[in-house]
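Undergrad: Attaching a single structure in structure tokens format; questions to follow.
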Amino acid sequence: MNGAKVVRVLGVAHSKEAYAIRDFLARGVVEYEWFEVASDSDCVRELGVSGFDDISWPVVVFPDGSRLYAPTLAEIAEKLGWVSRPRYREYDLSIYGAGPAGLSAAVYAASEGLRAVVIERAAVGGQAGTSSLIENYMGFPEGIAGAELAERARQQAVKFGVELLMMREGVHATFVNGKIEANLADGTLLRARANICSTGIEYRSLGVPDEQRLLNAGLHYGAGASEAPMCSGKKVFIVGGGNSAGQAAMNFAPTAESVTLIVRGPSLAATLSHYLLDRITHTRNVRVVFESSVSDVYGDTRLEALQLTNTEGGTQVVPADRLFVCIGGAPNTEWAKDTTIVRDSNGYLVTGADLSDFPQFEKCWPLKRRPYFLETSVPGSFAAGDVRHGSVKRVASAVGEGAMAVTFVHRYLAESAT
């Protein structure tokens, strides 16, 4: 790798901030090199300056030689040219979330002539973007990394003219005169004639003591695709029994000393794709601990050990270098709390025919026609992907829903124009 052409990230061992930057760059498919610094001589060799204790770590060095000291992710995104302001006062379609569903909607909307904007508060790809290898997505017989798939979709959408607003977060949404108005965290007001919510789900935490203190210091949410090189010879633990957990196990297995999957249930057959189950079974340094959970984590400045508890109440403490939590999550729909959008008891957005099961729907639906498939209880507001009530948590289905939602957006815009 040619250091002159890539981003260089320098920081101290076990730095939470450095992990967040590496993960952000990896999910954005930005080529980077990581340098662990520990002394003044390291500073002189890598940065050409002395004063290890006086430097604000981590340091990010860009291909043009410019540096950012202890930067935020937003500052890095701006330097990479990812942050922009909306060009128009109003759009045909606003899309919230740049995961598989949102990116798919963006590609189809822009390619079909809609003025569309995508708002993403973090990195493109959503949870799928953290997957080390997606092998059951049609058209990629050798598999494709989640981040690479997302980056290809981003490039395709931008080629068709989509505006992508990175590091933006919606904090409040209202529906005025049949249009959605969203106040973003930076003060921007975004208005659109129709919208698609594809904000996905937030990672679920373990709910154990010291979890937040050790977060990104050995304990990570998601599959940690960027961390495989840092796990050489390490004891890696993964909580979860779904495909993301299985893919993570196979990503770490070639370099880690051991990989242990911790699963609540009695087997993986009901939650894991057969091809992953077969690989895990036949990989020497991967083992599965069934009917167990992580009940505590230990460490001073970084993760050092876990406490495992089985269904019979038995506990054991085991040494651990890394813990990746892949247990799904809750939908990111807090922005809709002050609207008439119907959510189920878990916060998922209810759409289409499913709305008939919710009594509040009849009180707020203003039209004679029934909601379109994927349409929420607010006409012109659609949901696609994991955020939707009853959705299938797979990349292919999210991509399909994103494309399908655009079809119904066209119908809605046509009827609202008459």
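Letters for chains follow the order of the structure tokens (A, B, ...), residue numbers begin at 1 for each chain, and ligand numbers begin at 1 in the order shown.
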Among segment 177-383 of chain A, which ones does DSSP assign to strand (DSSP E) (computed from the backbone)? Answer as a PyMOL selection string.
TA: chain A and resi 179-184+189-197+201-203+219-221+235-239+258-262+286-289+292-298+305-310+315-319+322-325+329-331+381-383
Undergrad: Show me, as an MDAnalysis selection string, the residues that have an atom within 6 Å of segment 222-225 of chain A when counting only C-alpha atoms, minus same-chain residues fewer than 5 positions from it.
TA: chainID A and resid 130 132 248 325:326
Undergrad: Next, the residues of the selection above should be written as an mmCIF file, in the first residue's frame with C-alpha atoms.
TA:
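Final output, saved to result-v8.cif:
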```cif
data_model
loop_
_atom_site.group_PDB
_atom_site.id
_atom_site.type_symbol
_atom_site.label_atom_id
_atom_site.label_comp_id
_atom_site.auth_asym_id
_atom_site.auth_seq_id
_atom_site.Cartn_x
_atom_site.Cartn_y
_atom_site.Cartn_z
ATOM 1 C CA THR A 130 -20.163 -3.530 8.610
ATOM 2 C CA SER A 132 -17.084 -8.484 6.144
ATOM 3 C CA ALA A 248 -17.827 -11.905 11.605
ATOM 4 C CA VAL A 325 -21.964 -7.608 19.836
ATOM 5 C CA CYS A 326 -24.158 -8.663 16.887
#
```
Undergrad: Based on DSSP run over this structure's backbone, return all residues of segment 24-270 of chain A in alpha helix (DSSP H), as a PyMOL selection string.
TA: chain A and resi 24-27+40-47+73-79+100-111+146-159+211-214+243-252
Undergrad: Could you produce a table of the residues of segment 118-173 of chain A lying within 12 Å of segment 187-209 of chain A, with the nearest pair of atoms per residue and their separation in Å rounded to one decimal, using only C-alpha atoms, ordered by chain and increasing residue number, as a tab-separated table?
TA:
```
residue	atom	partner	partner_atom	distance
A:Val118	CA	A:Ile196	CA	9.5
A:Ile119	CA	A:Thr199	CA	9.4
A:Glu120	CA	A:Thr199	CA	8.4
A:Arg121	CA	A:Thr199	CA	9.5
A:Ala122	CA	A:Thr199	CA	10.8
A:Ala123	CA	A:Thr199	CA	11.9
A:Val124	CA	A:Thr199	CA	11.0
A:Gly125	CA	A:Gly200	CA	10.1
A:Gly126	CA	A:Gly200	CA	7.0
A:Gln127	CA	A:Gly200	CA	7.9
A:Ala128	CA	A:Gly200	CA	9.9
A:Gly129	CA	A:Gly200	CA	11.9
A:Thr130	CA	A:Tyr203	CA	11.8
A:Leu165	CA	A:Leu190	CA	11.0
A:Arg168	CA	A:Thr188	CA	9.3
A:Glu169	CA	A:Thr188	CA	9.9
A:Gly170	CA	A:Thr188	CA	9.3
A:Val171	CA	A:Gly187	CA	9.6
A:His172	CA	A:Leu189	CA	9.9
A:Ala173	CA	A:Leu190	CA	9.4
```
Undergrad: Excluding Leu277 of chain A and residues on its chain fewer than 3 positions from it, collect all residues at most 10 Å away from it, counting only C-alpha atoms, and give them as a list of chain:residue names.
TA: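 Near neighbours after the sequence-gap exclusion: A:Gly241, A:Asn243, A:Gly246, A:Gln247, A:Leu268, A:Ala269, A:Thr271, A:Leu272, A:Ser273, A:His274, A:Ile280, A:Thr281, A:His282.
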Undergrad: Could you name the residues that touch segment 413-417 of chain A at 12 Å or less, counting only C-alpha atoms, but leaving out those on the same chain fewer than 3 positions away, as a ChimeraX atom specification?
TA: /A:91-93,114,177-179,192-195,367,369,379-381,406-410
Undergrad: Counting only C-alpha atoms, which residue out of A:Gly328, A:Cys43, A:His389, A:Trp365 sits closest to Leu349 of chain A?
TA: A:His389
Undergrad: Would you mind telling me which residue in A:Leu10, A:Arg85, A:Val107, A:Ser94 lies nearest to Val59 of chain A when using only C-alpha atoms?
TA: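 Comparing A:Leu10, A:Arg85, A:Val107, A:Ser94 against Val59 of chain A, the winner is A:Leu10.
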